[in-house]
Structures are given as structure tokens and as C-alpha cells.
file work.txt (compact mmCIF, C-alpha atoms and all ligand atoms)
# COMPACT_ATOMS: atom_id res chain seq x y z
CA MET A 1 0.00 0.00 0.00
CA ILE A 2 1.26 3.49 -0.80
CA PRO A 3 0.14 5.52 2.23
CA LEU A 4 -1.27 9.02 2.02
CA SER A 5 1.23 10.56 4.42
CA VAL A 6 3.61 9.08 6.99
CA PRO A 7 6.25 10.68 9.23
CA ASN A 8 9.94 10.70 8.36
CA LEU A 9 12.16 10.22 11.41
CA LYS A 10 15.55 9.43 9.96
CA GLY A 11 17.55 12.33 11.39
CA ASN A 12 18.59 13.07 14.98
CA GLU A 13 15.19 12.13 16.45
CA GLU A 14 16.33 9.01 18.25
CA LYS A 15 19.52 10.63 19.52
CA TYR A 16 17.75 13.63 21.04
CA VAL A 17 14.87 11.64 22.54
CA VAL A 18 17.32 9.20 24.16
CA ASP A 19 19.29 12.19 25.42
CA ALA A 20 16.11 13.65 26.96
CA ILE A 21 15.35 10.31 28.63
CA ARG A 22 18.88 9.98 29.98
CA SER A 23 18.69 13.51 31.37
CA GLU A 24 15.52 12.38 33.20
CA TRP A 25 13.79 15.57 32.11
CA VAL A 26 10.79 14.13 30.29
CA SER A 27 7.97 16.43 31.32
CA ALA A 28 7.15 20.08 30.77
CA ALA A 29 10.45 21.45 32.02
CA GLY A 30 13.74 20.71 30.30
CA ASN A 31 16.26 21.94 27.84
CA TYR A 32 14.63 20.73 24.66
CA VAL A 33 11.47 22.78 25.20
CA ASN A 34 13.57 25.96 25.34
CA ARG A 35 15.68 24.84 22.41
CA PHE A 36 12.64 24.01 20.33
CA GLU A 37 11.02 27.36 21.10
CA ASN A 38 14.21 29.23 20.28
CA ASN A 39 14.68 27.34 17.02
CA ILE A 40 11.07 27.98 16.02
CA LYS A 41 11.57 31.70 16.71
CA LYS A 42 14.78 31.76 14.68
CA TYR A 43 13.25 29.84 11.80
CA LEU A 44 10.10 31.97 11.63
CA LYS A 45 12.00 35.19 12.39
CA VAL A 46 9.66 36.11 15.27
CA ASP A 47 10.28 37.32 18.82
CA ASN A 48 7.50 35.48 20.64
CA ALA A 49 6.64 31.80 20.55
CA ILE A 50 5.56 29.08 22.94
CA ALA A 51 5.40 25.35 22.41
CA CYS A 52 2.24 23.59 23.51
CA GLN A 53 0.46 20.23 23.51
CA SER A 54 -1.33 20.55 20.17
CA GLY A 55 -2.31 22.86 17.39
CA THR A 56 -5.82 22.82 18.80
CA ALA A 57 -4.51 24.10 22.15
CA ALA A 58 -2.62 26.88 20.33
CA ILE A 59 -5.81 27.94 18.52
CA HIS A 60 -7.79 27.83 21.77
CA LEU A 61 -5.25 30.12 23.48
CA ALA A 62 -5.17 32.47 20.48
CA LEU A 63 -8.96 32.81 20.51
CA LYS A 64 -9.03 33.41 24.25
CA LEU A 65 -6.34 36.10 23.99
CA SER A 66 -8.24 37.68 21.09
CA GLY A 67 -11.06 38.48 23.50
CA VAL A 68 -13.44 35.79 22.30
CA THR A 69 -16.05 35.52 25.04
CA PRO A 70 -19.33 33.60 25.45
CA HIS A 71 -21.94 34.63 22.85
CA SER A 72 -19.45 36.51 20.70
CA GLU A 73 -18.66 35.32 17.16
CA VAL A 74 -15.67 34.24 15.12
CA ILE A 75 -15.50 34.00 11.33
CA VAL A 76 -14.12 30.65 10.20
CA PRO A 77 -13.83 28.70 6.94
CA THR A 78 -16.25 25.81 6.39
CA LEU A 79 -13.65 23.88 4.40
CA THR A 80 -11.04 22.90 6.97
CA PHE A 81 -10.24 20.41 9.68
CA ILE A 82 -12.74 20.76 12.54
CA ALA A 83 -9.99 21.55 15.09
CA ALA A 84 -9.80 25.04 13.60
CA VAL A 85 -13.40 25.64 14.72
CA ASN A 86 -14.08 23.61 17.88
CA PRO A 87 -12.08 25.97 20.17
CA VAL A 88 -14.59 28.72 19.29
CA LYS A 89 -17.22 26.57 20.99
CA TYR A 90 -14.90 25.74 23.92
CA LEU A 91 -15.11 29.45 24.72
CA GLY A 92 -18.90 29.53 24.47
CA ALA A 93 -18.74 31.60 21.28
CA GLU A 94 -20.29 30.86 17.87
CA PRO A 95 -18.65 30.44 14.47
CA VAL A 96 -19.90 32.03 11.26
CA PHE A 97 -18.89 30.00 8.22
CA MET A 98 -17.28 31.39 5.07
CA ASP A 99 -16.77 29.92 1.62
CA CYS A 100 -13.40 29.05 0.05
CA ASP A 101 -11.54 30.42 -2.96
CA ASP A 102 -9.89 28.42 -5.75
CA GLY A 103 -6.89 27.73 -3.53
CA LEU A 104 -9.29 26.15 -0.95
CA ASN A 105 -8.58 29.03 1.46
CA LEU A 106 -11.02 31.53 2.96
CA ASP A 107 -12.68 33.61 0.24
CA CYS A 108 -11.69 37.13 1.06
CA GLU A 109 -14.05 38.77 -1.44
CA LYS A 110 -17.02 37.15 0.24
CA LEU A 111 -15.58 38.11 3.61
CA GLU A 112 -15.50 41.74 2.53
CA GLN A 113 -19.02 41.50 1.18
CA PHE A 114 -20.17 39.96 4.46
CA PHE A 115 -18.64 42.77 6.51
CA LYS A 116 -20.11 45.43 4.24
CA GLU A 117 -23.61 44.05 3.85
CA GLU A 118 -24.23 41.93 6.92
CA CYS A 119 -22.46 43.83 9.72
CA THR A 120 -22.37 47.25 11.32
CA LEU A 121 -19.35 48.78 12.97
CA THR A 122 -20.45 50.33 16.27
CA LYS A 123 -18.78 51.66 19.39
CA LYS A 124 -19.27 48.22 20.96
CA GLY A 125 -17.51 46.55 18.03
CA LEU A 126 -18.47 44.85 14.81
CA ILE A 127 -22.05 43.59 15.05
CA ASN A 128 -23.51 40.83 12.91
CA LYS A 129 -26.94 42.17 11.89
CA THR A 130 -28.45 38.68 11.58
CA THR A 131 -27.53 37.45 15.06
CA ASN A 132 -26.89 40.71 16.86
CA ARG A 133 -23.68 39.25 18.21
CA CYS A 134 -20.27 40.90 18.29
CA ILE A 135 -17.61 39.52 15.91
CA LYS A 136 -14.23 39.32 17.61
CA ALA A 137 -11.91 37.54 15.21
CA VAL A 138 -11.33 35.80 11.90
CA VAL A 139 -9.55 32.44 11.67
CA VAL A 140 -7.75 31.94 8.36
CA VAL A 141 -6.41 28.46 7.58
CA HIS A 142 -3.54 28.06 5.13
CA VAL A 143 -5.06 24.88 3.73
CA PHE A 144 -2.60 22.09 2.81
CA GLY A 145 0.28 24.56 3.24
CA ASN A 146 -1.03 26.93 0.58
CA MET A 147 -0.59 30.59 1.55
CA ALA A 148 -4.04 32.17 1.96
CA ALA A 149 -4.90 35.71 0.81
CA ILE A 150 -3.71 36.93 4.18
CA GLU A 151 -2.60 40.34 2.89
CA GLU A 152 -6.16 41.13 1.80
CA VAL A 153 -7.74 39.61 4.91
CA LYS A 154 -5.46 41.63 7.17
CA GLU A 155 -6.59 44.85 5.49
CA LEU A 156 -10.16 43.88 6.33
CA THR A 157 -9.51 42.86 9.95
CA ASP A 158 -7.58 46.13 10.46
CA LYS A 159 -10.41 48.13 8.91
CA TYR A 160 -13.09 46.46 11.01
CA ASN A 161 -10.93 46.34 14.11
CA ILE A 162 -11.08 42.63 14.82
CA LYS A 163 -8.32 40.10 15.51
CA LEU A 164 -6.71 37.92 12.86
CA ILE A 165 -5.69 34.38 13.81
CA GLU A 166 -3.74 32.33 11.30
CA ASP A 167 -4.23 28.60 11.53
CA ALA A 168 -0.83 27.70 10.07
CA THR A 169 -1.03 24.16 11.46
CA GLU A 170 -0.52 22.77 7.94
CA ALA A 171 1.76 25.52 6.68
CA LEU A 172 5.01 25.59 8.64
CA GLY A 173 7.65 26.88 6.24
CA THR A 174 5.27 28.55 3.78
CA CYS A 175 6.48 32.11 3.18
CA PHE A 176 5.86 35.03 0.85
CA ILE A 177 8.38 35.58 -1.94
CA ALA A 178 6.62 38.67 -3.31
CA GLY A 179 4.29 41.45 -2.26
CA LYS A 180 3.94 43.47 0.91
CA TYR A 181 4.88 40.56 3.19
CA LYS A 182 7.81 39.24 1.15
CA GLY A 183 10.01 37.10 3.41
CA LYS A 184 7.27 36.63 6.02
CA PHE A 185 6.05 33.20 7.02
CA ALA A 186 2.46 31.97 7.15
CA GLY A 187 1.39 32.39 10.77
CA THR A 188 3.49 35.50 11.43
CA ILE A 189 1.30 38.12 9.76
CA GLY A 190 -1.88 38.16 11.83
CA ASP A 191 -2.20 38.80 15.57
CA PHE A 192 -1.59 35.11 16.27
CA GLY A 193 -0.32 32.09 14.37
CA ALA A 194 -0.87 28.46 15.39
CA TYR A 195 1.25 25.51 14.25
CA SER A 196 0.75 21.76 14.69
CA PHE A 197 3.26 18.94 15.00
CA ASN A 198 0.76 16.12 14.92
CA GLY A 199 1.92 12.86 13.29
CA ASN A 200 0.60 13.72 9.82
CA LYS A 201 1.96 17.28 9.60
CA ILE A 202 5.10 18.34 7.73
CA ILE A 203 7.16 17.90 10.89
CA THR A 204 5.98 16.03 13.95
CA THR A 205 6.57 15.77 17.68
CA GLY A 206 4.12 12.89 17.96
CA GLY A 207 1.61 15.46 19.11
CA GLY A 208 2.28 19.12 19.70
CA GLY A 209 1.83 22.69 18.64
CA ALA A 210 3.18 26.20 18.86
CA LEU A 211 1.69 29.63 19.18
CA VAL A 212 3.35 32.80 17.90
CA GLY A 213 2.12 36.36 18.17
CA GLY A 214 3.07 39.94 17.56
CA SER A 215 2.61 40.93 21.21
CA ALA A 216 5.17 39.73 23.78
CA LYS A 217 2.60 40.37 26.50
CA ASP A 218 0.04 38.12 24.82
CA ILE A 219 2.48 35.26 24.37
CA LYS A 220 3.63 35.58 27.96
CA MET A 221 -0.01 35.34 28.99
CA ALA A 222 -0.45 32.31 26.73
CA LYS A 223 2.47 30.58 28.45
CA TYR A 224 0.98 31.36 31.84
CA LEU A 225 -2.43 30.01 30.82
CA SER A 226 -0.85 26.92 29.25
CA THR A 227 0.86 26.02 32.54
CA GLN A 228 -2.18 26.05 34.85
CA ALA A 229 -2.04 29.83 35.51
CA LYS A 230 0.38 29.64 38.39
CA ASP A 231 0.67 32.98 40.17
CA ASP A 232 2.77 31.46 42.91
CA GLU A 233 4.33 28.11 42.14
CA LEU A 234 5.36 27.29 45.69
CA TYR A 235 2.10 28.18 47.40
CA TYR A 236 -0.22 27.15 44.52
CA VAL A 237 -1.84 30.50 43.97
CA HIS A 238 -3.98 30.71 40.83
CA ASP A 239 -5.69 33.98 39.93
CA ASN A 240 -7.04 32.61 36.65
CA ILE A 241 -8.35 29.37 35.18
CA GLY A 242 -5.47 27.85 33.26
CA TYR A 243 -4.92 24.78 31.12
CA ASN A 244 -2.46 21.92 30.99
CA TYR A 245 -1.28 22.80 27.48
CA ARG A 246 2.52 22.83 27.79
CA MET A 247 4.67 20.71 25.48
CA SER A 248 6.78 17.99 27.13
CA ASN A 249 10.56 17.74 26.85
CA LEU A 250 10.26 14.39 25.04
CA GLN A 251 8.03 15.91 22.37
CA ALA A 252 10.35 18.90 22.08
CA ALA A 253 13.38 16.63 21.61
CA LEU A 254 11.62 15.13 18.58
CA GLY A 255 10.74 18.63 17.43
CA VAL A 256 14.32 19.91 17.53
CA ALA A 257 15.42 17.02 15.29
CA GLN A 258 12.45 17.40 12.93
CA LEU A 259 12.98 21.13 12.51
CA GLU A 260 16.54 20.39 11.32
CA LYS A 261 14.93 18.49 8.44
CA LEU A 262 12.12 20.87 7.55
CA GLU A 263 13.76 22.63 4.60
CA GLU A 264 14.79 19.27 3.15
CA PHE A 265 11.22 17.96 3.49
CA ILE A 266 9.84 21.04 1.74
CA GLU A 267 12.29 20.64 -1.15
CA ILE A 268 11.22 17.02 -1.60
CA LYS A 269 7.51 17.92 -1.34
CA ILE A 270 7.92 20.57 -4.06
CA LYS A 271 9.90 18.23 -6.31
CA ASN A 272 7.29 15.47 -5.94
CA TYR A 273 4.44 17.90 -6.60
CA GLU A 274 6.12 19.03 -9.81
CA ALA A 275 6.69 15.41 -10.85
CA TYR A 276 3.00 14.58 -10.30
CA LYS A 277 1.91 17.73 -12.07
CA ALA A 278 3.97 17.11 -15.20
CA LYS A 279 2.63 13.55 -15.49
CA ILE A 280 -1.00 14.38 -14.61
CA SER A 281 -1.09 17.14 -17.24
CA ASN A 282 -0.96 14.34 -19.84
CA ILE A 283 -4.16 12.64 -18.70
CA ASN A 284 -7.64 13.91 -19.37
CA GLY A 285 -10.07 14.66 -16.59
CA PHE A 286 -7.60 15.37 -13.78
CA SER A 287 -5.48 18.26 -12.58
CA LEU A 288 -3.57 19.25 -9.48
CA LEU A 289 -4.75 22.33 -7.62
CA LYS A 290 -2.24 25.19 -7.75
CA PHE A 291 -0.48 26.83 -4.85
CA ASN A 292 -0.25 30.61 -4.29
CA ASP A 293 2.37 31.94 -6.70
CA LYS A 294 3.30 34.83 -4.41
CA ALA A 295 4.68 32.33 -1.89
CA ARG A 296 7.14 29.50 -1.44
CA ASN A 297 4.51 27.03 -0.20
CA ASN A 298 5.48 23.99 1.85
CA HIS A 299 3.36 21.73 -0.44
CA TRP A 300 2.30 19.63 2.53
CA PHE A 301 -0.69 17.94 0.81
CA TYR A 302 -1.48 17.65 -2.89
CA SER A 303 -5.04 18.07 -4.14
CA LEU A 304 -6.08 16.01 -7.12
CA CYS A 305 -9.03 17.69 -8.81
CA ILE A 306 -11.50 15.61 -10.81
CA ASP A 307 -12.43 17.81 -13.77
CA ASN A 308 -14.54 15.16 -15.50
CA ASN A 309 -18.14 14.97 -14.21
CA GLU A 310 -18.37 11.32 -15.21
CA ILE A 311 -15.76 10.30 -12.66
CA ASN A 312 -17.23 9.88 -9.20
CA ARG A 313 -14.96 10.82 -6.30
CA ASP A 314 -15.81 7.84 -4.10
CA GLU A 315 -15.57 5.34 -6.95
CA LEU A 316 -12.15 6.78 -7.79
CA LEU A 317 -11.08 6.46 -4.16
CA GLN A 318 -12.13 2.78 -4.10
CA TYR A 319 -10.49 2.09 -7.46
CA LEU A 320 -7.20 3.58 -6.23
CA LEU A 321 -7.46 1.66 -2.96
CA LYS A 322 -7.88 -1.59 -4.90
CA ASN A 323 -4.64 -0.67 -6.62
CA GLN A 324 -2.87 -0.17 -3.27
CA ILE A 325 -3.03 3.63 -3.35
CA GLN A 326 -4.39 5.40 -0.29
CA THR A 327 -6.21 8.69 -0.90
CA ARG A 328 -8.65 10.78 1.10
CA PRO A 329 -11.52 13.14 0.35
CA ILE A 330 -11.17 16.62 1.81
CA TRP A 331 -13.04 17.33 5.02
CA LYS A 332 -16.82 17.14 5.24
CA LEU A 333 -17.78 20.80 5.36
CA ILE A 334 -18.09 21.99 8.94
CA HIS A 335 -21.31 23.96 8.50
CA THR A 336 -22.92 20.59 7.63
CA GLN A 337 -21.61 18.79 10.73
CA LYS A 338 -24.04 18.00 13.53
CA PRO A 339 -22.76 20.47 16.17
CA TYR A 340 -22.70 23.34 13.66
CA LYS A 341 -25.87 22.89 11.62
CA ASN A 342 -27.58 25.84 13.26
CA ASN A 343 -24.74 28.28 12.81
CA GLN A 344 -24.77 30.95 10.14
CA ALA A 345 -23.09 29.98 6.85
CA TYR A 346 -22.57 32.76 4.31
CA LYS A 347 -23.09 31.93 0.62
CA ILE A 348 -21.22 28.63 0.62
CA GLU A 349 -20.80 27.55 -3.00
CA LYS A 350 -17.25 26.77 -4.06
CA ALA A 351 -16.55 24.70 -0.96
CA ILE A 352 -19.37 22.31 -1.92
CA ASP A 353 -18.01 21.99 -5.43
CA TYR A 354 -14.44 21.30 -4.30
CA TYR A 355 -15.61 18.94 -1.60
CA ASN A 356 -17.15 16.76 -4.31
CA LYS A 357 -14.20 16.73 -6.67
CA VAL A 358 -10.94 16.80 -4.69
CA LEU A 359 -8.92 13.88 -3.35
CA ASN A 360 -5.63 14.13 -1.48
CA ILE A 361 -3.05 11.78 -2.99
CA PRO A 362 0.09 10.23 -1.45
CA CYS A 363 2.57 12.96 -0.50
CA SER A 364 4.99 11.59 2.13
CA SER A 365 8.52 12.97 1.99
CA ASN A 366 9.79 9.42 1.46
CA LEU A 367 7.53 8.80 -1.56
CA LYS A 368 9.53 7.19 -4.38
CA GLN A 369 9.60 8.50 -7.96
CA GLU A 370 8.50 5.02 -9.15
CA SER A 371 5.45 5.31 -6.90
CA ILE A 372 4.49 8.64 -8.45
CA GLY A 373 4.83 7.07 -11.89
CA TYR A 374 2.71 4.11 -10.81
CA ILE A 375 -0.04 6.28 -9.25
CA VAL A 376 -0.35 8.39 -12.39
CA ARG A 377 -0.43 5.27 -14.60
CA VAL A 378 -3.27 3.84 -12.50
CA LEU A 379 -5.13 7.15 -12.78
CA GLY A 380 -4.69 7.15 -16.55
CA ASN A 381 -6.11 3.64 -16.80
CA ILE A 382 -9.40 4.39 -15.09
CA LYS A 383 -12.38 3.08 -17.07
CA LYS A 384 -14.67 5.98 -17.63
C1 LIG A 401 -3.95 19.48 12.30
C2 LIG A 401 -4.83 20.66 12.28
C3 LIG A 401 -5.24 21.29 13.45
C4 LIG A 401 -5.01 20.75 14.82
O1 LIG A 401 -3.75 20.43 15.16
P1 LIG A 401 -3.52 19.31 16.32
O2 LIG A 401 -2.07 19.48 16.61
O3 LIG A 401 -3.84 18.00 15.70
O4 LIG A 401 -4.38 19.66 17.47
C5 LIG A 401 -5.99 22.45 13.35
N1 LIG A 401 -6.35 22.96 12.17
C6 LIG A 401 -6.00 22.36 11.01
C7 LIG A 401 -6.43 23.00 9.73
C8 LIG A 401 -5.25 21.19 11.03
O5 LIG A 401 -4.94 20.59 9.87
call {"tool": "encode", "arguments": {"input": "work.txt", "output": "C-alpha cells", "more": "lines below"}}
Ligand SMILES: *Cc1c(COP(=O)(O)O)cnc(C)c1O
result
Amino acid sequence: MIPLSVPNLKGNEEKYVVDAIRSEWVSAAGNYVNRFENNIKKYLKVDNAIACQSGTAAIHLALKLSGVTPHSEVIVPTLTFIAAVNPVKYLGAEPVFMDCDDGLNLDCEKLEQFFKEECTLTKKGLINKTTNRCIKAVVVVHVFGNMAAIEEVKELTDKYNIKLIEDATEALGTCFIAGKYKGKFAGTIGDFGAYSFNGNKIITTGGGGALVGGSAKDIKMAKYLSTQAKDDELYYVHDNIGYNYRMSNLQAALGVAQLEKLEEFIEIKIKNYEAYKAKISNINGFSLLKFNDKARNNHWFYSLCIDNNEINRDELLQYLLKNQIQTRPIWKLIHTQKPYKNNQAYKIEKAIDYYNKVLNIPCSSNLKQESIGYIVRVLGNIKK
């Protein structure tokens, strides 16, 4: 079986994890956590970062620090992994769902239209006319490592005075190579950026995440909240309700080794994407979705688009599976999921279309060139 995506742990992972075990620092204190945070800061060229237990935890903290309170609202994409949205509910707030663009990222033209036509900017903040609730933030996901239209979204969030949270959980290493934010990484442009090091992401710590932000004070607060809000460690004084969200030293040891490999992984991912693309361009009915050409994208996941209406997505998935090729449909749209059916969804159109015609295809960094050739041959042989 050619798997969709598996981790690649052939560098210093074992050495550092063994070192962490021998040091007997395995929990939330220890050298590797500091090292990992410092290396993340250096890599992303930011001043403030904390490592935490998961990308979901990072998003939760970002929302909390953005002032998201019970009965307020957050704009989110409907086409994404549900972990980008659930933390809105953890805080007792409500999501409003937006459509996607042709890069599968949040549609910023519809966002602008929504602000203009559906909201009013008052002294109390930005009010959604339909629900009468106050909108506090927008979550933008850089889907599959593809840089979203963050420049345009930031203009809107600045104009309407709400917070911008970048869910860069899939996009570590994606950076602008042109435009206003040339040289800046996905996750470092908004008020907060969240990263994930779950097993399927471009680098992994088994499970883990990081939060970055423009404000040193905010990130300090995030660290405090992530470590049970200890106001006095000796006497167990807690002036706030905190969380157990800190990354462990064992996870961080993996992370330090994985980060050493990140640029190599991205190079391989880009090379494999180009190899697929060249071969797929020769077969009718399929194409690969493009990445943002203003960015060096990390090419984490590849999206095979079925352009021929006669090919059914699920039949294709089964056909590939029979030929030992694992693929996956993109996520069931969140505004259609049980906990979110009653939430507002604004003119969702493209997301439905892409949901029905996109499959993610094998993209591991250790994918062989022969496998790419084989996968494309199998695709070309499909009986229509
Ligand atoms: C993976 C992922 C998350 C959550 O990250 P975890 O580390 O698994 O908690 C959030 N949003 C998106 C878009 C993701 O792909």
C-alpha cells in the first residue's frame, strides 16, 4: 500500500529523545522545550513563541487572547479540519462559516461583502446584523500549506478592528516571496499564528503545537495560561483558570530534530508535486490544484481535482485503494456537521463543489519516484 502521508524520522530524532530520557527531564520542564522554542523563533523570524500540547490548544489560546467571550462570534472557513473551529465553541462563542476560494482558502471577497452588507461597525464593536452578536476575530487556515490571501484579509480585519488568527497548522515553512509581506512566514502576519506537529503534519513531535504572536505580553499570557495559571508556584496561587497545554521535553526533543529536516522535506515535497503535475497534465479529466504563486509554499498535501463529471470521487477512491493507493476526500464541510448545523453559513458555493471533486493523494517525503509514476499510470487507466 502506498500511504497518504507518513512521518519521516531518519535524522537526529532518536539521539535527542534518548538524550532527553537519559537527562531524566521528560515532562514540561527541560532543555529541549527551550531549544525548540528558540529554534522555532529563529526559523520563523519572530520574537515570541511558545510550544504547547497541540495545534488545537494553540488555537484555543489564540482565541481566548483575542477576546473571544461567550456569545461573541468568530468568522471561520467551512472547508477545513474541525480543530480550527471547535475551540470557538470551547469558549462559548459561535462560528460564522465562510466559503473558500480556488486555492481552498477563505474567500476574502465574500468576507469583505459579508462585513459590508451583513455587519455594522459600532462603538461596541463589529455587530452581525443577523444574530446581533459581536464579531471578535477571523480564523484563516492556510489549507494544505497553501498561503491564503492573508494580505487582503489583514486589510479587512484592520479596517473592522477585529483580531486575525492564522491557523498555520498545515503551513510551517510557507512564506511570501513577493508582495507586501515578502520574506514573512504563514502564521506570522496576523495577531496570532498556530502551528501543529501532529503525526501527519510536515514535521511532527508525535503530538504538539506552537503559538506565535506579535505581542510579547500576549504570548507571555499564553504561556501562563498553558501552565495552569500559576501565580505562585510554591504556594499554589492561581488567579485565573489555566490549562495543561505545555509541550513535554520528550516531544520537544523530537521537534528539535524534525525542525533540522524541515527545509529538506519542503524541497522534496515541491519536487514530488512538480513530478505529479507534469505527469498528470498528460491525462484527461484530472489536474492538481495550484499553490499561491506569491509564496514559497510547503506543499504539505497535494489536491487532485477531478475535472470530469463522469468520474465519481468515491468510486475513484475505491479504485485507487484496490490498486494499493491510499487517498482521502477533503473534510466534510463543517457547516454541515451535527454540532454546527444551526450556525450561520454565508453563501457557501465553491466549498461544496471542491468537496465533491478533490482527493488528497500520497505525499509523504519518502515517496519514491516510481510510486508517483505508478499512481499516475493507474489514474490514466481508469475506465470511464
Ligand atoms: C492538524 C490541524 C489542526 C489541529 O492540530 P492538532 O495538533 O492536531 O491539534 C488544526 N487545524 C487544522 C487545519 C489542522 O490541519
call {"tool": "residues_near_ligand", "arguments": {"input": "work.txt", "ligand": "ligand LIG 401 (chain A)", "cutoff": "8 Å", "atoms": "all atoms listed in the file", "output": "short mmCIF file (atom, residue, chain, number, x, y, z; two decimals) with C-alpha atoms, in the frame of the given file"}}
result
data_model
loop_
_atom_site.label_atom_id
_atom_site.label_comp_id
_atom_site.auth_asym_id
_atom_site.auth_seq_id
_atom_site.Cartn_x
_atom_site.Cartn_y
_atom_site.Cartn_z
CA GLN A 53 0.46 20.23 23.51
CA SER A 54 -1.33 20.55 20.17
CA GLY A 55 -2.31 22.86 17.39
CA THR A 56 -5.82 22.82 18.80
CA ALA A 57 -4.51 24.10 22.15
CA ALA A 58 -2.62 26.88 20.33
CA ILE A 59 -5.81 27.94 18.52
CA THR A 80 -11.04 22.90 6.97
CA PHE A 81 -10.24 20.41 9.68
CA ILE A 82 -12.74 20.76 12.54
CA ALA A 83 -9.99 21.55 15.09
CA ALA A 84 -9.80 25.04 13.60
CA VAL A 85 -13.40 25.64 14.72
CA VAL A 141 -6.41 28.46 7.58
CA HIS A 142 -3.54 28.06 5.13
CA VAL A 143 -5.06 24.88 3.73
CA PHE A 144 -2.60 22.09 2.81
CA ASP A 167 -4.23 28.60 11.53
CA ALA A 168 -0.83 27.70 10.07
CA THR A 169 -1.03 24.16 11.46
CA GLU A 170 -0.52 22.77 7.94
CA TYR A 195 1.25 25.51 14.25
CA SER A 196 0.75 21.76 14.69
CA PHE A 197 3.26 18.94 15.00
CA ASN A 198 0.76 16.12 14.92
CA ASN A 200 0.60 13.72 9.82
CA LYS A 201 1.96 17.28 9.60
CA GLY A 207 1.61 15.46 19.11
CA GLY A 208 2.28 19.12 19.70
CA GLY A 209 1.83 22.69 18.64
#
call {"tool": "residues_around", "arguments": {"input": "work.txt", "residues": "Glu117 in chain A", "least_positions_apart": "3", "cutoff": "12 Å", "atoms": "all atoms listed in the file", "output": "list in words"}}
result
Lys110, Leu111, Glu112, Gln113, Phe114, Thr120, Leu121, Ile127, Asn128, Lys129, Thr130 and Tyr346 of chain A
call {"tool": "residues_around", "arguments": {"input": "work.txt", "residues": "His238 in chain A", "least_positions_apart": "5", "cutoff": "12 Å", "atoms": "all atoms listed in the file", "output": "mmCIF file with C-alpha atoms, in the frame of the given file"}}
result
data_model
loop_
_atom_site.group_PDB
_atom_site.id
_atom_site.type_symbol
_atom_site.label_atom_id
_atom_site.label_comp_id
_atom_site.auth_asym_id
_atom_site.auth_seq_id
_atom_site.Cartn_x
_atom_site.Cartn_y
_atom_site.Cartn_z
ATOM 1 C CA TYR A 224 0.980 31.360 31.840
ATOM 2 C CA LEU A 225 -2.430 30.010 30.820
ATOM 3 C CA THR A 227 0.860 26.020 32.540
ATOM 4 C CA GLN A 228 -2.180 26.050 34.850
ATOM 5 C CA ALA A 229 -2.040 29.830 35.510
ATOM 6 C CA LYS A 230 0.380 29.640 38.390
ATOM 7 C CA ASP A 231 0.670 32.980 40.170
ATOM 8 C CA ASP A 232 2.770 31.460 42.910
ATOM 9 C CA GLU A 233 4.330 28.110 42.140
ATOM 10 C CA TYR A 243 -4.920 24.780 31.120
#
call {"tool": "residues_around", "arguments": {"input": "work.txt", "residues": "Leu304 in chain A", "least_positions_apart": "5", "cutoff": "9 Å", "atoms": "all atoms listed in the file", "output": "ChimeraX atom specification"}}
result
/A:286-289,357-361
call {"tool": "residues_around", "arguments": {"input": "work.txt", "residues": "Cys363 in chain A", "least_positions_apart": "4", "cutoff": "12 Å", "atoms": "only C-alpha atoms", "output": "PyMOL selection string"}}
result
chain A and resi 2-8+144+200-202+265-266+268-276+298-304+325-328+359+367-369+371-372+375
call {"tool": "atom_distance", "arguments": {"input": "work.txt", "atom1": "CA of Asp101 in chain A", "atom2": "CA of Tyr43 in chain A"}}
result
28.9 Å
call {"tool": "closest_residue", "arguments": {"input": "work.txt", "among": "A:Lys217, A:Lys64, A:Lys10, A:Lys184", "to": "Lys163 in chain A", "atoms": "all atoms listed in the file"}}
result
A:Lys64
call {"tool": "residues_near_point", "arguments": {"input": "work.txt", "point": "(-17.4, 35.7, 14.1)", "cutoff": "9 Å", "atoms": "all atoms listed in the file", "output": "list in words"}}
result
Ser72, Glu73, Val74, Ile75, Val76, Ala93, Glu94, Pro95, Val96, Phe97, Asn128, Arg133, Cys134, Ile135, Lys136, Ala137, Val138 and Val139 of chain A
call {"tool": "residues_around", "arguments": {"input": "work.txt", "residues": "range 147-159 of chain A", "least_positions_apart": "6", "cutoff": "8 Å", "atoms": "all atoms listed in the file", "output": "list in words"}}
result
Gly103, Asn105, Leu106, Cys108, Glu112, Ala137, Val138, Val140, Val141, Ala171, Thr174, Cys175, Phe176, Lys180, Tyr181, Ala186, Ile189, Gly190, Phe291, Asn292, Ala295 and Asn297 of chain A
call {"tool": "closest_residue", "arguments": {"input": "work.txt", "among": "A:Leu259, A:Glu349, A:Glu14, A:Gln337", "to": "Lys42 in chain A", "atoms": "all atoms listed in the file"}}
result
A:Leu259
call {"tool": "decode", "arguments": {"input": "work.txt", "residues": "range 153-162 of chain A", "atoms": "N, CA, C and O atoms", "output": "mmCIF file, in the first residue's frame"}}
result
data_model
loop_
_atom_site.group_PDB
_atom_site.id
_atom_site.type_symbol
_atom_site.label_atom_id
_atom_site.label_comp_id
_atom_site.auth_asym_id
_atom_site.auth_seq_id
_atom_site.Cartn_x
_atom_site.Cartn_y
_atom_site.Cartn_z
ATOM 1 N N VAL A 153 -6.934 39.814 3.704
ATOM 2 C CA VAL A 153 -7.743 39.607 4.911
ATOM 3 C C VAL A 153 -7.277 40.555 6.015
ATOM 4 O O VAL A 153 -8.086 41.132 6.737
ATOM 5 N N LYS A 154 -5.971 40.754 6.108
ATOM 6 C CA LYS A 154 -5.456 41.633 7.172
ATOM 7 C C LYS A 154 -5.942 43.068 6.989
ATOM 8 O O LYS A 154 -6.257 43.755 7.962
ATOM 9 N N GLU A 155 -6.036 43.509 5.735
ATOM 10 C CA GLU A 155 -6.588 44.851 5.491
ATOM 11 C C GLU A 155 -7.999 44.950 6.042
ATOM 12 O O GLU A 155 -8.381 45.969 6.624
ATOM 13 N N LEU A 156 -8.773 43.887 5.855
ATOM 14 C CA LEU A 156 -10.162 43.882 6.335
ATOM 15 C C LEU A 156 -10.234 43.837 7.863
ATOM 16 O O LEU A 156 -11.010 44.573 8.479
ATOM 17 N N THR A 157 -9.430 42.970 8.479
ATOM 18 C CA THR A 157 -9.506 42.862 9.946
ATOM 19 C C THR A 157 -9.002 44.152 10.593
ATOM 20 O O THR A 157 -9.508 44.556 11.631
ATOM 21 N N ASP A 158 -8.034 44.817 9.953
ATOM 22 C CA ASP A 158 -7.584 46.129 10.460
ATOM 23 C C ASP A 158 -8.713 47.154 10.337
ATOM 24 O O ASP A 158 -9.005 47.892 11.277
ATOM 25 N N LYS A 159 -9.342 47.159 9.169
ATOM 26 C CA LYS A 159 -10.410 48.129 8.908
ATOM 27 C C LYS A 159 -11.580 47.960 9.878
ATOM 28 O O LYS A 159 -12.137 48.942 10.368
ATOM 29 N N TYR A 160 -11.924 46.712 10.150
ATOM 30 C CA TYR A 160 -13.088 46.461 11.006
ATOM 31 C C TYR A 160 -12.708 46.214 12.465
ATOM 32 O O TYR A 160 -13.540 45.851 13.292
ATOM 33 N N ASN A 161 -11.415 46.387 12.732
ATOM 34 C CA ASN A 161 -10.927 46.340 14.113
ATOM 35 C C ASN A 161 -11.234 45.033 14.836
ATOM 36 O O ASN A 161 -11.740 45.038 15.965
ATOM 37 N N ILE A 162 -10.955 43.938 14.167
ATOM 38 C CA ILE A 162 -11.077 42.633 14.823
ATOM 39 C C ILE A 162 -9.751 41.883 14.691
ATOM 40 O O ILE A 162 -8.890 42.266 13.907
#
